[in-house]
Structure formats: C-alpha cells, structure tokens
Amino acid sequence: MAAGERLIQYKGEVTRWRPAAARQRSDVGHTFVFGLSDGRVIDGSRGGNSARFLNHACAPNCEAIETGDRIYVHALTDIKPGDELFIDYGLEIEGEISEDIRAQYVCHCGASTCRQSMIGHRAESS
Ligand SMILES: [Zn+2]
C-alpha cells in the first residue's frame, strides 16, 4: 500500500456529535465517531464497516479525506501488510467541552506531537 492510495471508506450513520457520544457512553474504550468538517460526525457504530476499528493517533499513517458526506481513508505513508492503521480523529465537539468529554477522548498515542486528545483542531487545507 503506497502513500496516497485509498484504503477504505469510513461508513456509518451521519449524525450530530451529541447523540453519537451519548450512545458511546456505554461503550467506553472505543470511539466510533469521525468528525466531518461541518460539525456533524459519522457514527461507525451504526451501519459502519471495519474502518471504525482504526485507532486514533496524533501522528497517523492514514488520513481521512472528506468528499461530500463521505469519508475515505487514504494512506499517508507506505503501509506494509499487518501494520496497524491510525488516523487523526480530529473530533469537533459541539458546545462546551467538559472535563468528562476531555477524559473520554484523551489520547495516549505516545507521539512526540501528541496533543493528549482526540479532539481536533483539524488543519484546514482548503
Ligand atoms: Zn496522541
């Protein structure tokens, strides 16, 4: 898998962040939501595919490219078979970010650039 190739579509229900987060409260340890740039999320726990098992990292080897309501996961670097795949979730949280929410989405990826959270500031490229 070479850098830039499309790996998989991130499937799931397009919804608001809060209902998706409420569903996940009973499923601590797994984050199956992916933030869209307009503030909605794709909830991979509803109608999702295996892309929902991608883990978050602050220095990922995959990136998500948004096309309309769809998210495609592309390789950022050359990826060997068996390599674990990571994306930067870059969650957009509506409203105030409480300590509870921070704690739920804390990151321990260990990268030197780790921002200790899965909550984005997504770099706006367009
Ligand atoms: Zn991190």
# chains A, B, ... in the order shown; residues from 1 in each chain; ligands from 1
call {"tool": "residues_around", "arguments": {"residues": "range 42-45 of chain A", "least_positions_apart": "5", "cutoff": "7 Å", "atoms": "only C-alpha atoms", "output": "ChimeraX atom specification"}}
result
/A:11-15,20,32-35,52
call {"tool": "write_last_selection", "arguments": {"atoms": "C-alpha atoms", "output": "compact mmCIF listing (two decimals), in the first residue's frame"}}
result
# COMPACT_ATOMS: atom_id res chain seq x y z
CA LYS A 11 -19.01 4.12 6.76
CA GLY A 12 -21.67 4.81 9.30
CA GLU A 13 -24.62 6.96 10.15
CA VAL A 14 -24.17 10.69 9.63
CA THR A 15 -25.44 12.39 12.74
CA ALA A 20 -23.40 9.75 18.84
CA PHE A 32 -16.52 5.04 16.58
CA VAL A 33 -17.25 8.57 15.52
CA PHE A 34 -15.45 10.51 12.86
CA GLY A 35 -15.83 14.25 12.61
CA ARG A 52 -14.40 2.01 12.61
call {"tool": "closest_atom_pairs", "arguments": {"of": "chain A", "to": "ligand 1", "cutoff": "12 Å", "atoms": "only C-alpha atoms and all ligand atoms", "output": "Markdown table"}}
result
| residue | atom | partner | partner_atom_place_in_ligand_line | distance |
| --- | --- | --- | --- | --- |
| A:Asn55 | CA | ligand 1 | 1 (Zn) | 10.5 |
| A:His56 | CA | ligand 1 | 1 (Zn) | 7.4 |
| A:Ala57 | CA | ligand 1 | 1 (Zn) | 5.0 |
| A:Cys58 | CA | ligand 1 | 1 (Zn) | 4.2 |
| A:Ala59 | CA | ligand 1 | 1 (Zn) | 7.2 |
| A:Pro60 | CA | ligand 1 | 1 (Zn) | 9.2 |
| A:Phe86 | CA | ligand 1 | 1 (Zn) | 10.6 |
| A:Ile87 | CA | ligand 1 | 1 (Zn) | 10.4 |
| A:Asp88 | CA | ligand 1 | 1 (Zn) | 8.5 |
| A:Tyr89 | CA | ligand 1 | 1 (Zn) | 10.2 |
| A:Gly90 | CA | ligand 1 | 1 (Zn) | 10.7 |
| A:Tyr105 | CA | ligand 1 | 1 (Zn) | 10.2 |
| A:Val106 | CA | ligand 1 | 1 (Zn) | 8.0 |
| A:Cys107 | CA | ligand 1 | 1 (Zn) | 4.5 |
| A:His108 | CA | ligand 1 | 1 (Zn) | 5.2 |
| A:Cys109 | CA | ligand 1 | 1 (Zn) | 4.1 |
| A:Gly110 | CA | ligand 1 | 1 (Zn) | 5.9 |
| A:Ala111 | CA | ligand 1 | 1 (Zn) | 5.9 |
| A:Ser112 | CA | ligand 1 | 1 (Zn) | 8.3 |
| A:Thr113 | CA | ligand 1 | 1 (Zn) | 7.1 |
| A:Cys114 | CA | ligand 1 | 1 (Zn) | 3.7 |
| A:Arg115 | CA | ligand 1 | 1 (Zn) | 5.4 |
| A:Gln116 | CA | ligand 1 | 1 (Zn) | 5.0 |
| A:Ser117 | CA | ligand 1 | 1 (Zn) | 6.1 |
| A:Met118 | CA | ligand 1 | 1 (Zn) | 7.0 |
| A:Ile119 | CA | ligand 1 | 1 (Zn) | 9.9 |
| A:Gly120 | CA | ligand 1 | 1 (Zn) | 10.8 |
call {"tool": "residues_around", "arguments": {"residues": "Arg40 in chain A", "least_positions_apart": "4", "cutoff": "6 Å", "atoms": "only C-alpha atoms", "output": "MDAnalysis selection string"}}
result
chainID A and resid 15:17 36
call {"tool": "select_by_dssp", "arguments": {"residues": "range 5-69 of chain A", "states": "helix (DSSP H, G or I)", "output": "mmCIF file with all heavy atoms, in the first residue's frame"}}
result
data_model
loop_
_atom_site.group_PDB
_atom_site.id
_atom_site.type_symbol
_atom_site.label_atom_id
_atom_site.label_comp_id
_atom_site.auth_asym_id
_atom_site.auth_seq_id
_atom_site.Cartn_x
_atom_site.Cartn_y
_atom_site.Cartn_z
ATOM 1 N N TRP A 17 -22.880 15.212 16.793
ATOM 2 C CA TRP A 17 -21.934 14.619 17.705
ATOM 3 C C TRP A 17 -22.596 14.162 18.997
ATOM 4 O O TRP A 17 -22.292 13.101 19.511
ATOM 5 C CB TRP A 17 -20.814 15.610 18.008
ATOM 6 C CG TRP A 17 -19.837 15.033 18.952
ATOM 7 C CD1 TRP A 17 -18.829 14.153 18.644
ATOM 8 C CD2 TRP A 17 -19.788 15.219 20.360
ATOM 9 N NE1 TRP A 17 -18.169 13.791 19.778
ATOM 10 C CE2 TRP A 17 -18.744 14.438 20.842
ATOM 11 C CE3 TRP A 17 -20.544 15.968 21.251
ATOM 12 C CZ2 TRP A 17 -18.413 14.390 22.191
ATOM 13 C CZ3 TRP A 17 -20.220 15.919 22.597
ATOM 14 C CH2 TRP A 17 -19.166 15.135 23.049
ATOM 15 N N ARG A 18 -23.525 14.950 19.527
ATOM 16 C CA ARG A 18 -24.045 14.635 20.863
ATOM 17 C C ARG A 18 -24.803 13.303 20.935
ATOM 18 O O ARG A 18 -24.523 12.508 21.828
ATOM 19 C CB ARG A 18 -24.873 15.786 21.419
ATOM 20 C CG ARG A 18 -23.966 16.901 21.881
ATOM 21 C CD ARG A 18 -24.559 17.874 22.851
ATOM 22 N NE ARG A 18 -23.545 18.889 23.139
ATOM 23 C CZ ARG A 18 -22.589 18.768 24.057
ATOM 24 N NH1 ARG A 18 -22.533 17.688 24.798
ATOM 25 N NH2 ARG A 18 -21.696 19.714 24.232
ATOM 26 N N PRO A 19 -25.738 13.045 20.020
ATOM 27 C CA PRO A 19 -26.383 11.720 20.089
ATOM 28 C C PRO A 19 -25.379 10.586 19.892
ATOM 29 O O PRO A 19 -25.498 9.534 20.537
ATOM 30 C CB PRO A 19 -27.419 11.764 18.962
ATOM 31 C CG PRO A 19 -27.124 12.971 18.156
ATOM 32 C CD PRO A 19 -26.371 13.918 19.029
ATOM 33 N N ALA A 20 -24.403 10.796 19.043
ATOM 34 C CA ALA A 20 -23.405 9.747 18.842
ATOM 35 C C ALA A 20 -22.611 9.521 20.119
ATOM 36 O O ALA A 20 -22.344 8.381 20.518
ATOM 37 C CB ALA A 20 -22.465 10.126 17.694
ATOM 38 N N ALA A 21 -22.257 10.609 20.788
ATOM 39 C CA ALA A 21 -21.476 10.498 22.020
ATOM 40 C C ALA A 21 -22.298 9.831 23.110
ATOM 41 O O ALA A 21 -21.780 9.035 23.890
ATOM 42 C CB ALA A 21 -21.018 11.882 22.466
ATOM 43 N N ALA A 22 -23.596 10.139 23.153
ATOM 44 C CA ALA A 22 -24.451 9.546 24.181
ATOM 45 C C ALA A 22 -24.523 8.034 24.006
ATOM 46 O O ALA A 22 -24.488 7.278 24.980
ATOM 47 C CB ALA A 22 -25.849 10.157 24.119
ATOM 48 N N ARG A 23 -24.604 7.585 22.773
ATOM 49 C CA ARG A 23 -24.622 6.147 22.510
ATOM 50 C C ARG A 23 -23.349 5.478 23.001
ATOM 51 O O ARG A 23 -23.354 4.338 23.416
ATOM 52 C CB ARG A 23 -24.687 5.895 21.001
ATOM 53 C CG ARG A 23 -26.033 6.080 20.385
ATOM 54 C CD ARG A 23 -25.864 5.934 18.889
ATOM 55 N NE ARG A 23 -26.975 6.569 18.194
ATOM 56 C CZ ARG A 23 -26.906 6.956 16.935
ATOM 57 N NH1 ARG A 23 -25.804 6.770 16.232
ATOM 58 N NH2 ARG A 23 -27.931 7.518 16.370
ATOM 59 N N GLN A 24 -22.257 6.213 22.865
ATOM 60 C CA GLN A 24 -20.979 5.579 23.140
ATOM 61 C C GLN A 24 -20.610 5.578 24.600
ATOM 62 O O GLN A 24 -19.642 4.966 24.989
ATOM 63 C CB GLN A 24 -19.886 6.269 22.342
ATOM 64 C CG GLN A 24 -20.072 5.924 20.892
ATOM 65 C CD GLN A 24 -19.010 6.513 20.031
ATOM 66 O OE1 GLN A 24 -17.852 6.508 20.403
ATOM 67 N NE2 GLN A 24 -19.398 7.013 18.897
ATOM 68 N N SER A 50 -15.421 -1.999 8.762
ATOM 69 C CA SER A 50 -14.242 -2.253 9.589
ATOM 70 C C SER A 50 -13.389 -1.005 9.791
ATOM 71 O O SER A 50 -12.524 -0.991 10.673
ATOM 72 C CB SER A 50 -13.401 -3.373 8.984
ATOM 73 O OG SER A 50 -12.959 -3.006 7.700
ATOM 74 N N ALA A 51 -13.637 0.038 9.019
ATOM 75 C CA ALA A 51 -12.873 1.272 9.221
ATOM 76 C C ALA A 51 -13.078 1.850 10.615
ATOM 77 O O ALA A 51 -12.250 2.620 11.091
ATOM 78 C CB ALA A 51 -13.271 2.319 8.169
ATOM 79 N N ARG A 52 -14.165 1.459 11.281
ATOM 80 C CA ARG A 52 -14.401 2.006 12.614
ATOM 81 C C ARG A 52 -13.381 1.491 13.617
ATOM 82 O O ARG A 52 -13.269 2.037 14.704
ATOM 83 C CB ARG A 52 -15.820 1.719 13.086
ATOM 84 C CG ARG A 52 -16.114 0.273 13.449
ATOM 85 C CD ARG A 52 -17.589 0.130 13.776
ATOM 86 N NE ARG A 52 -17.943 -1.184 14.274
ATOM 87 C CZ ARG A 52 -18.191 -2.250 13.508
ATOM 88 N NH1 ARG A 52 -18.085 -2.146 12.197
ATOM 89 N NH2 ARG A 52 -18.524 -3.407 14.041
ATOM 90 N N PHE A 53 -12.657 0.454 13.272
ATOM 91 C CA PHE A 53 -11.654 -0.073 14.199
ATOM 92 C C PHE A 53 -10.301 0.605 14.048
ATOM 93 O O PHE A 53 -9.351 0.258 14.743
ATOM 94 C CB PHE A 53 -11.516 -1.590 14.036
ATOM 95 C CG PHE A 53 -12.774 -2.317 14.397
ATOM 96 C CD1 PHE A 53 -13.499 -3.000 13.445
ATOM 97 C CD2 PHE A 53 -13.254 -2.279 15.701
ATOM 98 C CE1 PHE A 53 -14.684 -3.644 13.784
ATOM 99 C CE2 PHE A 53 -14.442 -2.923 16.044
ATOM 100 C CZ PHE A 53 -15.150 -3.615 15.084
#
call {"tool": "select_by_dssp", "arguments": {"residues": "range 18-80 of chain A", "states": "strand (DSSP E or B)", "output": "ChimeraX atom specification"}}
result
/A:33-35,41-43,55-56,62-67,70-75
call {"tool": "residues_around", "arguments": {"residues": "Ala2 in chain A", "least_positions_apart": "6", "cutoff": "9 Å", "atoms": "only C-alpha atoms", "output": "VMD selection string"}}
result
chain A and resid 75 to 80
call {"tool": "decode", "arguments": {"residues": "range 77-88 of chain A", "atoms": "N, CA and C atoms", "output": "PDB file, in the first residue's frame"}}
result
ATOM      1  N   THR A  77       1.470   7.280   4.424  1.00  0.00           N
ATOM      2  CA  THR A  77       2.823   6.769   4.223  1.00  0.00           C
ATOM      3  C   THR A  77       2.691   5.402   3.574  1.00  0.00           C
ATOM      4  N   ASP A  78       3.801   4.823   3.165  1.00  0.00           N
ATOM      5  CA  ASP A  78       3.754   3.451   2.672  1.00  0.00           C
ATOM      6  C   ASP A  78       3.422   2.534   3.845  1.00  0.00           C
ATOM      7  N   ILE A  79       2.459   1.637   3.638  1.00  0.00           N
ATOM      8  CA  ILE A  79       1.982   0.782   4.721  1.00  0.00           C
ATOM      9  C   ILE A  79       2.186  -0.667   4.328  1.00  0.00           C
ATOM     10  N   LYS A  80       2.811  -1.404   5.223  1.00  0.00           N
ATOM     11  CA  LYS A  80       3.067  -2.819   4.965  1.00  0.00           C
ATOM     12  C   LYS A  80       1.906  -3.657   5.484  1.00  0.00           C
ATOM     13  N   PRO A  81       1.706  -4.832   4.890  1.00  0.00           N
ATOM     14  CA  PRO A  81       0.640  -5.715   5.401  1.00  0.00           C
ATOM     15  C   PRO A  81       0.873  -6.002   6.882  1.00  0.00           C
ATOM     16  N   GLY A  82      -0.170  -5.914   7.657  1.00  0.00           N
ATOM     17  CA  GLY A  82      -0.056  -6.181   9.082  1.00  0.00           C
ATOM     18  C   GLY A  82       0.230  -4.953   9.917  1.00  0.00           C
ATOM     19  N   ASP A  83       0.635  -3.875   9.273  1.00  0.00           N
ATOM     20  CA  ASP A  83       0.821  -2.626  10.024  1.00  0.00           C
ATOM     21  C   ASP A  83      -0.513  -2.180  10.608  1.00  0.00           C
ATOM     22  N   GLU A  84      -0.455  -1.683  11.820  1.00  0.00           N
ATOM     23  CA  GLU A  84      -1.664  -1.118  12.399  1.00  0.00           C
ATOM     24  C   GLU A  84      -1.926   0.244  11.769  1.00  0.00           C
ATOM     25  N   LEU A  85      -3.196   0.510  11.534  1.00  0.00           N
ATOM     26  CA  LEU A  85      -3.566   1.759  10.872  1.00  0.00           C
ATOM     27  C   LEU A  85      -4.074   2.762  11.892  1.00  0.00           C
ATOM     28  N   PHE A  86      -3.667   3.997  11.700  1.00  0.00           N
ATOM     29  CA  PHE A  86      -4.090   5.073  12.604  1.00  0.00           C
ATOM     30  C   PHE A  86      -4.545   6.268  11.795  1.00  0.00           C
ATOM     31  N   ILE A  87      -5.565   6.900  12.295  1.00  0.00           N
ATOM     32  CA  ILE A  87      -5.961   8.190  11.742  1.00  0.00           C
ATOM     33  C   ILE A  87      -6.094   9.190  12.880  1.00  0.00           C
ATOM     34  N   ASP A  88      -6.075  10.443  12.512  1.00  0.00           N
ATOM     35  CA  ASP A  88      -6.317  11.506  13.487  1.00  0.00           C
ATOM     36  C   ASP A  88      -7.813  11.805  13.456  1.00  0.00           C
TER      37      ASP A  88
END
